[in-house]
$ cat run_36.txt   # compact mmCIF, C-alpha atoms
# COMPACT_ATOMS: atom_id res chain seq x y z
CA MET I 923 -7.14 -24.14 1.77
CA ALA I 924 -3.52 -23.11 1.73
CA MET I 925 -1.49 -24.76 4.48
CA HIS I 926 2.09 -23.98 5.41
CA LYS I 927 4.61 -25.90 7.47
CA ILE I 928 6.36 -23.46 9.77
CA SER I 929 8.92 -23.69 12.52
CA VAL I 930 9.45 -21.10 15.22
CA THR I 931 11.46 -20.85 18.40
CA VAL I 932 9.18 -20.02 21.31
CA ASN I 933 10.93 -19.13 24.56
CA GLY I 934 14.01 -21.01 23.41
CA ALA I 935 12.20 -24.20 22.35
CA ALA I 936 11.87 -25.24 18.71
CA ARG I 937 8.22 -25.69 17.71
CA ALA I 938 6.69 -26.74 14.41
CA ALA I 939 3.13 -26.47 13.11
CA GLU I 940 1.11 -26.72 9.97
CA VAL I 941 -0.96 -23.57 9.69
CA GLU I 942 -3.58 -22.05 7.45
CA SER I 943 -2.46 -18.82 5.73
CA ARG I 944 -4.93 -16.75 7.69
CA LEU I 945 -4.03 -18.07 11.16
CA LEU I 946 -2.88 -15.18 13.34
CA LEU I 947 0.25 -15.48 15.45
CA VAL I 948 -1.73 -14.97 18.66
CA HIS I 949 -3.96 -17.91 17.73
CA LEU I 950 -0.96 -20.09 16.94
CA LEU I 951 0.35 -19.39 20.44
CA ARG I 952 -2.93 -19.75 22.30
CA GLU I 953 -4.82 -22.39 20.36
CA VAL I 954 -2.17 -24.52 18.67
CA PHE I 955 0.61 -24.34 21.26
CA ARG I 956 -1.88 -23.90 24.15
CA MET I 957 0.14 -21.06 25.63
CA THR I 958 -2.55 -18.75 26.89
CA GLY I 959 -0.36 -16.19 28.62
CA THR I 960 -0.58 -14.01 25.51
CA HIS I 961 -4.00 -12.36 25.65
CA VAL I 962 -6.44 -11.26 22.98
CA GLY I 963 -7.86 -7.91 23.98
CA CYS I 964 -9.25 -5.56 21.36
CA ASP I 965 -8.19 -7.78 18.44
CA THR I 966 -7.79 -4.61 16.33
CA SER I 967 -4.14 -3.75 17.14
CA HIS I 968 -4.94 -0.99 19.59
CA CYS I 969 -4.62 -2.45 23.08
CA GLY I 970 -1.34 -4.41 23.07
CA ALA I 971 -2.59 -7.26 25.31
CA CYS I 972 -1.27 -9.65 22.63
CA THR I 973 2.27 -8.20 22.65
CA VAL I 974 5.10 -10.69 22.14
CA ILE I 975 8.77 -10.12 21.35
CA LEU I 976 9.55 -11.18 17.78
CA ASP I 977 13.25 -11.30 16.91
CA GLY I 978 14.00 -8.71 19.59
CA GLU I 979 11.17 -6.27 18.86
CA PRO I 980 7.84 -6.12 20.69
CA VAL I 981 4.93 -6.51 18.26
CA LYS I 982 1.18 -7.08 18.38
CA SER I 983 0.61 -10.76 17.66
CA CYS I 984 -3.03 -10.20 16.67
CA THR I 985 -1.81 -8.25 13.66
CA LEU I 986 0.70 -10.73 12.32
CA LEU I 987 0.11 -13.97 10.48
CA ALA I 988 1.57 -17.08 12.07
CA VAL I 989 3.21 -17.94 8.76
CA GLN I 990 5.01 -14.57 8.82
CA ALA I 991 6.78 -15.66 12.00
CA ASP I 992 8.23 -18.74 10.27
CA GLY I 993 11.89 -19.06 11.29
CA CYS I 994 11.62 -16.34 13.95
CA LYS I 995 12.37 -16.28 17.67
CA ILE I 996 9.39 -15.43 19.84
CA THR I 997 9.33 -14.56 23.53
CA THR I 998 6.01 -14.74 25.35
CA VAL I 999 5.22 -14.06 28.99
CA GLU I 1000 5.71 -17.77 29.72
CA GLY I 1001 9.37 -17.31 28.77
CA LEU I 1002 10.19 -14.56 31.26
CA GLU I 1003 10.59 -16.73 34.35
CA GLN I 1004 13.87 -18.66 34.27
CA GLY I 1005 14.48 -21.74 36.45
CA GLY I 1006 11.72 -20.85 38.86
CA LYS I 1007 13.00 -17.32 39.27
CA LEU I 1008 10.84 -14.41 38.20
CA HIS I 1009 12.21 -11.93 35.67
CA PRO I 1010 12.99 -8.58 37.36
CA VAL I 1011 10.09 -7.06 35.43
CA GLN I 1012 7.71 -9.68 36.83
CA GLU I 1013 9.13 -9.04 40.27
CA GLY I 1014 8.63 -5.31 39.77
CA PHE I 1015 4.97 -5.76 38.84
CA THR I 1016 4.49 -7.85 42.00
CA GLU I 1017 6.41 -5.53 44.34
CA LYS I 1018 4.94 -2.26 43.04
CA HIS I 1019 1.37 -3.47 42.54
CA GLY I 1020 1.72 -3.06 38.77
CA LEU I 1021 -1.40 -5.08 38.10
CA GLN I 1022 -4.94 -5.29 39.28
CA CYS I 1023 -7.01 -7.44 36.89
CA GLY I 1024 -3.88 -8.59 35.05
CA PHE I 1025 -5.30 -8.60 31.56
CA CYS I 1026 -2.84 -6.12 30.06
CA THR I 1027 0.06 -7.39 32.20
CA PRO I 1028 1.72 -9.88 29.82
CA GLY I 1029 1.83 -7.26 27.06
CA MET I 1030 2.96 -4.53 29.46
CA MET I 1031 5.77 -6.74 30.72
CA LEU I 1032 7.01 -7.72 27.26
CA SER I 1033 7.09 -4.11 26.08
CA SER I 1034 8.99 -3.27 29.28
CA VAL I 1035 11.46 -6.15 28.85
CA ALA I 1036 12.17 -5.02 25.28
CA LEU I 1037 12.70 -1.45 26.50
CA LEU I 1038 15.11 -2.50 29.25
CA GLU I 1039 17.11 -4.61 26.83
CA ARG I 1040 17.67 -1.52 24.68
CA ASN I 1041 17.88 1.09 27.42
CA LYS I 1042 19.23 0.17 30.85
CA ASN I 1043 18.31 3.47 32.45
CA PRO I 1044 15.09 4.79 30.94
CA SER I 1045 13.57 8.04 32.13
CA GLU I 1046 9.94 8.08 33.22
CA GLN I 1047 9.10 9.68 29.86
CA GLU I 1048 10.89 6.91 27.98
CA ILE I 1049 8.98 4.26 29.94
CA ARG I 1050 5.69 6.02 29.19
CA GLU I 1051 6.57 6.14 25.50
CA ALA I 1052 7.64 2.48 25.41
CA ILE I 1053 4.30 1.29 26.81
CA ALA I 1054 2.24 3.74 24.75
CA GLY I 1055 0.94 0.84 22.64
CA ASN I 1056 -0.28 -1.07 25.71
CA LEU I 1057 -3.53 0.00 27.27
CA CYS I 1058 -4.39 -0.54 30.92
CA ARG I 1059 -7.95 0.12 31.98
CA CYS I 1060 -7.89 -0.62 35.70
CA THR I 1061 -4.54 -0.48 37.49
CA GLY I 1062 -3.54 2.90 36.12
CA TYR I 1063 -0.13 3.64 34.73
CA VAL I 1064 1.50 5.08 37.85
CA ASN I 1065 2.25 1.72 39.45
CA ILE I 1066 3.14 0.14 36.14
CA ILE I 1067 5.82 2.78 35.66
CA LYS I 1068 7.08 2.19 39.20
CA ALA I 1069 7.26 -1.54 38.39
CA VAL I 1070 9.41 -0.90 35.34
CA GLN I 1071 11.64 1.48 37.31
CA TYR I 1072 12.05 -1.21 39.99
CA ALA I 1073 13.08 -3.73 37.31
CA ALA I 1074 15.49 -1.27 35.67
CA GLU I 1075 17.26 -0.71 38.97
CA LYS I 1076 17.38 -4.43 39.68
CA MET I 1077 18.83 -5.19 36.24
CA ARG I 1078 21.61 -2.57 36.38
CA MET Q 1103 -11.56 -11.87 14.22
CA ILE Q 1104 -10.35 -14.10 11.43
CA PRO Q 1105 -9.74 -12.96 7.86
CA ALA Q 1106 -11.46 -14.67 4.94
CA PRO Q 1107 -9.24 -17.42 3.48
CA PHE Q 1108 -6.42 -16.44 1.15
CA ASP Q 1109 -3.23 -17.87 -0.29
CA TYR Q 1110 0.00 -16.59 1.20
CA HIS Q 1111 3.09 -16.17 -0.98
CA ARG Q 1112 6.56 -15.33 0.22
CA PRO Q 1113 8.64 -14.46 -2.84
CA ALA Q 1114 12.41 -14.33 -2.42
CA SER Q 1115 12.95 -11.66 -5.07
CA LEU Q 1116 11.23 -8.57 -6.43
CA ASP Q 1117 10.87 -10.17 -9.85
CA GLU Q 1118 9.10 -13.13 -8.31
CA ALA Q 1119 6.81 -10.77 -6.35
CA ILE Q 1120 5.97 -8.76 -9.47
CA GLY Q 1121 5.31 -12.04 -11.32
CA LEU Q 1122 2.78 -13.00 -8.65
CA LEU Q 1123 1.09 -9.60 -8.88
CA THR Q 1124 0.95 -9.88 -12.67
CA LYS Q 1125 -0.51 -13.38 -12.48
CA HIS Q 1126 -3.17 -12.67 -9.86
CA GLY Q 1127 -4.08 -9.08 -10.81
CA GLU Q 1128 -6.93 -7.62 -8.77
CA GLN Q 1129 -6.93 -10.67 -6.50
CA ALA Q 1130 -3.43 -9.97 -5.16
CA LYS Q 1131 -2.27 -7.54 -2.50
CA VAL Q 1132 1.24 -6.71 -1.33
CA LEU Q 1133 1.84 -7.38 2.37
CA SER Q 1134 4.55 -5.14 3.83
CA GLY Q 1135 4.20 -4.24 7.52
CA GLY Q 1136 0.56 -5.30 7.45
CA MET Q 1137 -0.45 -2.71 10.04
CA SER Q 1138 -3.31 -1.46 7.84
CA LEU Q 1139 -3.82 -4.56 5.68
CA LEU Q 1140 -4.29 -7.11 8.47
CA PRO Q 1141 -6.92 -5.08 10.35
CA THR Q 1142 -8.66 -4.52 7.00
CA LEU Q 1143 -8.74 -8.27 6.34
CA LYS Q 1144 -9.75 -9.13 9.90
CA LEU Q 1145 -12.59 -6.61 9.94
CA ARG Q 1146 -13.53 -7.95 6.48
CA LEU Q 1147 -13.46 -4.46 5.05
CA GLY Q 1148 -11.45 -5.97 2.23
CA ALA Q 1149 -10.55 -9.41 0.91
CA PHE Q 1150 -7.83 -10.62 -1.42
CA ALA Q 1151 -7.34 -14.18 -2.65
CA HIS Q 1152 -3.54 -13.77 -2.64
CA LEU Q 1153 -1.20 -11.96 -0.26
CA VAL Q 1154 2.32 -11.35 -1.54
CA ASP Q 1155 4.59 -10.92 1.48
CA ILE Q 1156 7.62 -8.79 0.55
CA ASN Q 1157 9.15 -8.87 4.05
CA ARG Q 1158 11.85 -11.40 3.17
CA ILE Q 1159 13.06 -9.76 -0.05
CA ALA Q 1160 16.62 -8.55 0.53
CA GLY Q 1161 17.60 -4.97 -0.20
CA LEU Q 1162 14.21 -3.30 0.22
CA ASP Q 1163 15.06 -1.51 3.44
CA GLY Q 1164 17.67 1.04 4.43
CA ILE Q 1165 18.23 4.75 4.95
CA LYS Q 1166 21.07 6.51 3.16
CA GLU Q 1167 21.96 9.76 1.43
CA GLU Q 1168 23.11 9.14 -2.12
CA GLY Q 1169 23.06 11.12 -5.36
CA GLY Q 1170 21.62 14.24 -3.71
CA ALA Q 1171 18.72 12.38 -2.14
CA LEU Q 1172 17.81 10.66 1.09
CA ARG Q 1173 16.83 7.20 -0.08
CA ILE Q 1174 14.47 5.28 2.14
CA GLY Q 1175 13.81 1.68 1.16
CA ALA Q 1176 10.11 0.92 1.10
CA MET Q 1177 10.43 -1.88 3.68
CA THR Q 1178 12.20 0.37 6.20
CA ARG Q 1179 10.35 0.02 9.50
CA GLN Q 1180 9.05 3.19 11.11
CA SER Q 1181 11.09 2.34 14.21
CA ALA Q 1182 14.30 2.33 12.13
CA LEU Q 1183 13.45 5.78 10.78
CA GLU Q 1184 12.69 6.92 14.33
CA ARG Q 1185 16.10 5.75 15.55
CA SER Q 1186 18.07 7.22 12.64
CA GLU Q 1187 20.38 10.01 13.78
CA LEU Q 1188 20.64 11.29 10.19
CA VAL Q 1189 16.86 11.59 9.86
CA ARG Q 1190 16.43 13.28 13.23
CA LYS Q 1191 19.15 15.86 12.56
CA LYS Q 1192 18.66 16.67 8.91
CA TYR Q 1193 15.00 15.85 8.25
CA PRO Q 1194 13.21 17.19 11.34
CA ILE Q 1195 9.85 16.98 9.56
CA LEU Q 1196 10.24 13.19 9.76
CA GLY Q 1197 11.67 13.42 13.26
CA ASP Q 1198 8.51 15.27 14.32
CA ALA Q 1199 6.15 12.88 12.60
CA VAL Q 1200 7.38 9.34 13.17
CA PRO Q 1201 6.92 9.24 16.97
CA LEU Q 1202 3.34 10.39 16.38
CA ILE Q 1203 2.48 7.51 14.03
CA ALA Q 1204 0.31 4.86 15.72
CA ASP Q 1205 2.26 3.46 18.72
CA PRO Q 1206 5.74 1.98 19.22
CA LEU Q 1207 4.59 -1.62 18.74
CA VAL Q 1208 2.94 -0.77 15.45
CA ARG Q 1209 6.02 1.22 14.38
CA ASN Q 1210 8.17 -1.88 14.91
CA ARG Q 1211 6.31 -3.58 12.06
CA GLY Q 1212 4.84 -0.72 10.02
CA THR Q 1213 6.90 0.39 7.04
CA VAL Q 1214 7.49 3.73 5.37
CA GLY Q 1215 6.54 2.25 2.00
CA GLY Q 1216 3.29 0.90 3.38
CA ASN Q 1217 2.39 4.23 4.96
CA VAL Q 1218 3.10 6.02 1.68
CA ALA Q 1219 1.62 3.50 -0.78
CA ASN Q 1220 -1.58 2.58 1.07
CA GLY Q 1221 -3.33 5.70 -0.20
CA ASP Q 1222 -4.98 6.42 3.13
CA PRO Q 1223 -5.33 10.22 3.53
CA ALA Q 1224 -5.13 9.71 7.30
CA ASN Q 1225 -1.59 8.34 7.03
CA ASP Q 1226 1.06 10.90 7.93
CA GLN Q 1227 3.86 10.25 5.49
CA PRO Q 1228 1.99 10.99 2.24
CA ALA Q 1229 1.59 14.69 3.10
CA ILE Q 1230 5.17 14.77 4.37
CA MET Q 1231 6.54 13.31 1.15
CA ILE Q 1232 4.54 15.85 -0.85
CA ALA Q 1233 5.87 18.75 1.26
CA LEU Q 1234 9.41 17.39 0.89
CA GLY Q 1235 9.06 17.14 -2.90
CA ALA Q 1236 9.86 13.43 -2.74
CA THR Q 1237 9.96 11.06 -5.67
CA LEU Q 1238 8.53 7.57 -5.36
CA VAL Q 1239 10.24 4.71 -7.18
CA ALA Q 1240 7.92 1.96 -8.44
CA ARG Q 1241 9.02 -1.31 -9.96
CA GLY Q 1242 6.86 -3.34 -12.34
CA PRO Q 1243 7.24 -5.93 -15.09
CA LYS Q 1244 8.77 -3.31 -17.41
CA GLY Q 1245 11.27 -2.07 -14.86
CA GLU Q 1246 11.43 1.03 -12.68
CA ARG Q 1247 9.68 4.36 -13.03
CA THR Q 1248 9.52 7.39 -10.78
CA ILE Q 1249 6.42 9.27 -9.71
CA ALA Q 1250 6.35 12.63 -7.91
CA ALA Q 1251 4.69 12.25 -4.50
CA SER Q 1252 2.47 15.22 -5.43
CA LYS Q 1253 1.08 13.23 -8.40
CA PHE Q 1254 0.82 9.88 -6.61
CA TYR Q 1255 -2.53 10.12 -4.83
CA THR Q 1256 -5.53 9.93 -7.14
CA ASP Q 1257 -8.45 9.22 -4.77
CA LEU Q 1258 -9.36 7.57 -1.47
CA TYR Q 1259 -7.09 4.49 -1.24
CA ALA Q 1260 -6.22 4.97 -4.91
CA THR Q 1261 -2.72 5.75 -6.14
CA ALA Q 1262 -0.74 5.96 -9.36
CA LEU Q 1263 0.70 2.48 -8.71
CA ALA Q 1264 -0.43 -0.11 -11.24
CA ARG Q 1265 -1.70 -3.48 -9.98
CA ASP Q 1266 1.58 -5.15 -10.89
CA GLU Q 1267 3.84 -2.45 -9.46
CA ILE Q 1268 5.54 -2.30 -6.05
CA LEU Q 1269 6.81 0.85 -4.38
CA VAL Q 1270 10.48 0.12 -3.72
CA GLU Q 1271 12.06 3.40 -2.64
CA ILE Q 1272 11.33 6.96 -1.60
CA ARG Q 1273 13.81 9.66 -2.62
CA ILE Q 1274 13.81 12.94 -0.76
CA PRO Q 1275 15.97 15.75 -2.14
CA VAL Q 1276 18.76 16.60 0.34
CA PRO Q 1277 17.68 20.01 1.67
CA PRO Q 1278 19.97 22.94 0.78
CA PRO Q 1279 21.42 25.14 3.57
CA ARG Q 1280 18.91 27.34 5.45
CA SER Q 1281 16.18 24.71 5.08
CA GLY Q 1282 13.72 23.68 7.74
CA GLY Q 1283 10.74 21.41 8.01
CA ALA Q 1284 8.09 20.60 10.58
CA TYR Q 1285 5.07 18.38 11.07
CA GLN Q 1286 2.26 19.38 13.38
CA LYS Q 1287 -0.39 16.83 14.23
CA LEU Q 1288 -3.44 16.98 16.44
CA LYS Q 1289 -4.67 13.60 17.63
CA ARG Q 1290 -6.99 12.65 20.42
CA LYS Q 1291 -4.79 9.89 21.84
CA THR Q 1292 -1.84 7.63 21.04
CA GLY Q 1293 -2.68 5.28 18.22
CA ASP Q 1294 -5.36 7.48 16.71
CA PHE Q 1295 -5.25 9.07 13.30
CA ALA Q 1296 -4.97 12.85 13.00
CA VAL Q 1297 -7.90 15.17 13.55
CA ALA Q 1298 -5.77 17.33 11.27
CA ALA Q 1299 -2.07 17.66 10.55
CA ALA Q 1300 0.20 19.87 8.48
CA ALA Q 1301 3.56 19.20 6.82
CA VAL Q 1302 5.88 22.06 5.86
CA GLN Q 1303 9.31 22.08 4.27
CA LEU Q 1304 10.91 25.37 3.22
CA THR Q 1305 14.20 27.04 2.34
CA LEU Q 1306 15.17 30.65 3.07
CA ASP Q 1307 17.65 32.73 1.05
CA ALA Q 1308 20.57 34.65 2.60
CA LYS Q 1309 18.28 37.59 3.43
CA GLY Q 1310 15.73 35.37 5.13
CA VAL Q 1311 13.20 35.52 2.29
CA VAL Q 1312 11.36 32.28 1.47
CA ALA Q 1313 13.10 30.75 -1.56
CA SER Q 1314 11.02 27.59 -1.84
CA CYS Q 1315 8.22 25.99 0.12
CA GLY Q 1316 6.10 22.85 0.23
CA ILE Q 1317 2.92 22.54 2.31
CA ALA Q 1318 0.57 19.56 2.53
CA LEU Q 1319 -2.26 18.47 4.81
CA THR Q 1320 -3.11 15.07 6.32
CA ASN Q 1321 -6.72 13.88 6.70
CA ALA Q 1322 -8.17 17.00 5.13
CA GLY Q 1323 -9.96 15.27 2.24
CA PRO Q 1324 -10.08 12.02 0.23
CA THR Q 1325 -6.37 12.31 -0.57
CA PRO Q 1326 -3.40 13.97 1.13
CA LEU Q 1327 -3.68 17.57 0.06
CA GLU Q 1328 -0.99 19.74 -1.44
CA ALA Q 1329 -1.49 23.41 -0.60
CA ALA Q 1330 0.39 24.71 -3.62
CA GLU Q 1331 -1.19 28.18 -3.70
CA ALA Q 1332 -0.28 28.85 -0.07
CA ALA Q 1333 3.29 27.67 -0.72
CA LYS Q 1334 3.54 29.84 -3.83
CA TYR Q 1335 2.19 32.83 -1.92
CA LEU Q 1336 5.08 32.55 0.54
CA VAL Q 1337 7.88 32.35 -2.02
CA GLY Q 1338 9.64 35.71 -2.35
CA LYS Q 1339 8.21 37.02 0.92
CA MET Q 1340 9.72 37.62 4.35
CA PRO Q 1341 8.14 35.01 6.61
CA ASP Q 1342 6.78 37.37 9.26
CA THR Q 1343 3.94 36.37 11.57
CA LYS Q 1344 1.25 37.99 9.45
CA THR Q 1345 2.44 36.44 6.20
CA LEU Q 1346 2.65 32.97 7.74
CA ALA Q 1347 -0.85 33.36 9.19
CA GLU Q 1348 -2.18 34.34 5.77
CA ALA Q 1349 -0.50 31.34 4.11
CA ALA Q 1350 -1.96 29.01 6.77
CA LYS Q 1351 -5.41 30.41 6.07
CA MET Q 1352 -4.96 29.78 2.35
CA ALA Q 1353 -3.78 26.20 2.99
CA ALA Q 1354 -6.69 25.37 5.29
CA ALA Q 1355 -9.16 26.79 2.76
CA LYS Q 1356 -8.05 23.99 0.40
CA GLY Q 1357 -9.17 21.39 2.94
CA ASN Q 1358 -12.28 19.34 2.36
CA PRO Q 1359 -12.53 17.13 5.47
CA SER Q 1360 -15.65 15.21 6.42
CA ALA Q 1361 -17.33 15.42 9.81
CA ASP Q 1362 -16.91 12.34 12.00
CA HIS Q 1363 -16.21 11.38 15.61
CA ARG Q 1364 -12.99 13.43 15.42
CA GLY Q 1365 -14.88 16.67 14.84
CA SER Q 1366 -17.00 18.84 12.60
CA VAL Q 1367 -15.88 20.18 9.23
CA GLU Q 1368 -15.46 23.68 10.70
CA TYR Q 1369 -13.36 22.39 13.59
CA LYS Q 1370 -11.10 20.29 11.38
CA LYS Q 1371 -10.56 23.14 8.93
CA ASP Q 1372 -9.70 25.52 11.72
CA MET Q 1373 -7.33 23.00 13.27
CA ALA Q 1374 -5.67 22.59 9.85
CA ARG Q 1375 -5.15 26.35 9.82
CA VAL Q 1376 -3.70 26.46 13.33
CA LEU Q 1377 -1.41 23.48 12.71
CA THR Q 1378 -0.20 24.85 9.36
CA GLU Q 1379 0.64 28.16 11.01
CA ARG Q 1380 2.58 26.38 13.77
CA ALA Q 1381 4.38 24.15 11.28
CA LEU Q 1382 5.34 27.19 9.19
CA GLN Q 1383 6.70 28.96 12.27
CA ALA Q 1384 8.68 25.91 13.39
CA ALA Q 1385 10.04 25.31 9.89
CA CYS Q 1386 11.17 28.98 9.61
CA ALA Q 1387 12.83 28.82 13.02
CA ARG Q 1388 14.69 25.66 12.03
CA ALA Q 1389 15.68 27.10 8.64
CA GLY Q 1390 17.08 30.14 10.42
CA GLY Q 1391 19.07 27.90 12.72
CA LYS Q 1392 16.92 28.81 15.72
$ encode --input "run_36.txt" --output "structure tokens"
Amino acid sequence: MAMHKISVTVNGAARAAEVESRLLLVHLLREVFRMTGTHVGCDTSHCGACTVILDGEPVKSCTLLAVQADGCKITTVEGLEQGGKLHPVQEGFTEKHGLQCGFCTPGMMLSSVALLERNKNPSEQEIREAIAGNLCRCTGYVNIIKAVQYAAEKMR
Amino acid sequence: MIPAPFDYHRPASLDEAIGLLTKHGEQAKVLSGGMSLLPTLKLRLGAFAHLVDINRIAGLDGIKEEGGALRIGAMTRQSALERSELVRKKYPILGDAVPLIADPLVRNRGTVGGNVANGDPANDQPAIMIALGATLVARGPKGERTIAASKFYTDLYATALARDEILVEIRIPVPPPRSGGAYQKLKRKTGDFAVAAAAVQLTLDAKGVVASCGIALTNAGPTPLEAAEAAKYLVGKMPDTKTLAEAAKMAAAKGNPSADHRGSVEYKKDMARVLTERALQAACARAGGK
């Protein structure tokens, strides 16, 4: 069985692991690092529940090998809160009722954070497009969009 | 879902990657964006003993016009193509298509080379490259060779690439003045493949007569489909509504889709006709500066 020593930076902290070739990034995060904020939803790269930010770009961590992330910087939902203070996107989801069951929320928030880092003043259409790879099946998108708009305003 | 075990290789150079492909033959598969390969492995629809990851090889990505061609490195991410001002302005067929490929998260990883080389008739860029008259550059143990996109697709998931070859670049001829292109795609929802889609690239002469034309269809058969007869029919004609409708009919008649959850054969063929007609109209309008 091929094993690989990898090192990654997760939410600013250096982490190392020895992984099998076939280990998926989402499993490295959840099962090796025990960070379960990143969810496994469809597991077929449709739903986006597993979204993390990899070197600045949001990606689906169920469709990436852990070994491919070797040397990369990863942001997960656990990394959004800083010093006990919620990220404006997290605050937005709270204030605007952007979640109901919460399953899609980590992925939704990371796609939104990546959008707001690139575009400080996104239109509603741009927000819709940015979260097009993240599926919500209970809250509905209306409040999620309001949450992102709240965060955008707060971050300007 | 967990893929069957495999060995992972991360070559630092193309030569090293080609060496690995030569050594492992049928057992090896190139990993570029992995947006088709990883789901295939996870669903156990395919298995390879060796994955050769070409993501860290320098110089395989980039978008530039050089030597009369737009050169797109095979490892160029779809999101990079989507954000390219040059591509949006001068190659509207790509500007139309890229935002309709999968979803933004997938486009952050998915590559143009992977979309083109995978040999999946449901992928969008094969038909586009055929319509654009693109040339594909493959590198193998004996060096580089070029293959016309129209000759690249041999069967379902089968291409002209040899086992030990890697697609390294796509070259699209810089369109002459009075050129226009368009891509029309019908899909049920974001992230889905096309029910049907049509790619058109054409050039008009000074009088507005069609001087050259390329038409190809996505997901209309086991390979992306070039509608050469329909394109030939248009050359030398004024592109009026009736002529374009006739060409679209000819193109759709070439289609050989199979019935599935996206629709019946009749529906898909008729959608191919409608989309080809719309793509032809949009391409003509763009070529005429409208």
$ interface_residues --input "run_36.txt" --of "chain I" --to "chain Q" --cutoff "7 Å" --atoms "all atoms listed in the file" --output "list in words"
Ala924, Ser943, Arg944, Asp965, Thr966, His968, Glu979, Pro980, Val981, Lys982, Thr985, Ala1052, Ala1054 and Gly1055 of chain I
$ residues_around --input "run_36.txt" --residues "I:Leu945" --least-positions-apart "2" --cutoff "10 Å" --atoms "all atoms listed in the file" --output "list of chain:residue names"
I:Met925, I:Val941, I:Glu942, I:Ser943, I:Leu947, I:Val948, I:His949, I:Leu950, I:Cys984, I:Leu986, I:Leu987, I:Ala988, I:Val989, I:Gln990, Q:Ile1104, Q:Pro1105, Q:Pro1107
$ closest_residue --input "run_36.txt" --among "I:Arg1050, I:Arg1040, I:Lys1076, I:Lys995" --to "I:Ser929" --atoms "only C-alpha atoms"
I:Lys995
$ closest_residue --input "run_36.txt" --among "Q:Thr1256, Q:Thr1345, Q:Gln1383, Q:Gln1227" --to "Q:Asn1321" --atoms "all atoms listed in the file"
Q:Gln1227
$ axis_aligned_box --input "run_36.txt" --around "stretch 928-943 of chain I" --padding-each-side "6 Å" --output "lines of an AutoDock Vina configuration file"
center_x = 5.2
center_y = -22.8
center_z = 15.1
size_x = 29.6
size_y = 19.9
size_z = 30.8
$ closest_residue --input "run_36.txt" --among "I:Gly970, I:Pro1044, I:Pro1010, I:Gly1062" --to "I:Cys1023" --atoms "all atoms listed in the file"
I:Gly1062
$ closest_residue --input "run_36.txt" --among "I:Ala991, I:Val1064, I:Cys1026, I:Ser1034" --to "I:Cys969" --atoms "only C-alpha atoms"
I:Cys1026
$ residues_around --input "run_36.txt" --residues "Q:Met1340" --least-positions-apart "3" --cutoff "10 Å" --atoms "all atoms listed in the file" --output "short mmCIF file (atom, residue, chain, number, x, y, z; two decimals) with C-alpha atoms, in the coordinates of the input"
data_model
loop_
_atom_site.label_atom_id
_atom_site.label_comp_id
_atom_site.auth_asym_id
_atom_site.auth_seq_id
_atom_site.Cartn_x
_atom_site.Cartn_y
_atom_site.Cartn_z
CA LEU Q 1306 15.17 30.65 3.07
CA ASP Q 1307 17.65 32.73 1.05
CA LYS Q 1309 18.28 37.59 3.43
CA GLY Q 1310 15.73 35.37 5.13
CA VAL Q 1311 13.20 35.52 2.29
CA VAL Q 1312 11.36 32.28 1.47
CA ALA Q 1313 13.10 30.75 -1.56
CA LEU Q 1336 5.08 32.55 0.54
CA VAL Q 1337 7.88 32.35 -2.02
CA THR Q 1343 3.94 36.37 11.57
CA LYS Q 1344 1.25 37.99 9.45
CA THR Q 1345 2.44 36.44 6.20
CA LEU Q 1346 2.65 32.97 7.74
#
$ closest_residue --input "run_36.txt" --among "I:Asp977, I:Glu1048, I:Glu1000, I:Glu1075" --to "I:Val930" --atoms "only C-alpha atoms"
I:Asp977
$ atom_distance --input "run_36.txt" --atom1 "atom CA of Q:Ala1224" --atom2 "atom CA of Q:Asp1163"
23.4 Å
$ atom_distance --input "run_36.txt" --atom1 "atom CA of Q:Val1276" --atom2 "atom CA of Q:Gly1161"
21.6 Å
$ closest_residue --input "run_36.txt" --among "Q:Ser1314, Q:Thr1320, Q:Ser1252, Q:Thr1261" --to "Q:Lys1334" --atoms "all atoms listed in the file"
Q:Ser1314
$ atom_distance --input "run_36.txt" --atom1 "atom CA of Q:Pro1228" --atom2 "atom CA of Q:Gly1169"
22.4 Å
$ residues_around --input "run_36.txt" --residues "stretch 1362-1370 of chain Q" --least-positions-apart "4" --cutoff "10 Å" --atoms "all atoms listed in the file" --output "list of chain:residue names"
Q:Leu1288, Q:Lys1289, Q:Arg1290, Q:Asp1294, Q:Phe1295, Q:Ala1296, Q:Val1297, Q:Ala1298, Q:Ala1299, Q:Asn1321, Q:Ala1322, Q:Ala1354, Q:Gly1357, Q:Asn1358, Q:Ala1374, Q:Arg1375, Q:Val1376
$ decode --input "run_36.txt" --residues "stretch 1133-1147 of chain Q" --atoms "C-alpha atoms" --output "JSON list (two decimals), in the first residue's frame"
[["chain", "number", "residue", "atom", "x", "y", "z"],
["Q", 1133, "LEU", "CA", -4.52, 12.98, -13.15],
["Q", 1134, "SER", "CA", -5.10, 16.62, -14.14],
["Q", 1135, "GLY", "CA", -8.05, 18.37, -12.47],
["Q", 1136, "GLY", "CA", -9.49, 15.02, -11.45],
["Q", 1137, "MET", "CA", -13.07, 16.24, -11.73],
["Q", 1138, "SER", "CA", -14.04, 13.25, -13.90],
["Q", 1139, "LEU", "CA", -11.31, 10.82, -12.84],
["Q", 1140, "LEU", "CA", -11.87, 10.94, -9.07],
["Q", 1141, "PRO", "CA", -15.64, 10.33, -9.26],
["Q", 1142, "THR", "CA", -14.89, 7.49, -11.70],
["Q", 1143, "LEU", "CA", -12.46, 5.92, -9.23],
["Q", 1144, "LYS", "CA", -14.73, 6.51, -6.24],
["Q", 1145, "LEU", "CA", -17.76, 5.00, -7.96],
["Q", 1146, "ARG", "CA", -15.44, 2.16, -9.05],
["Q", 1147, "LEU", "CA", -16.46, 2.65, -12.65]]
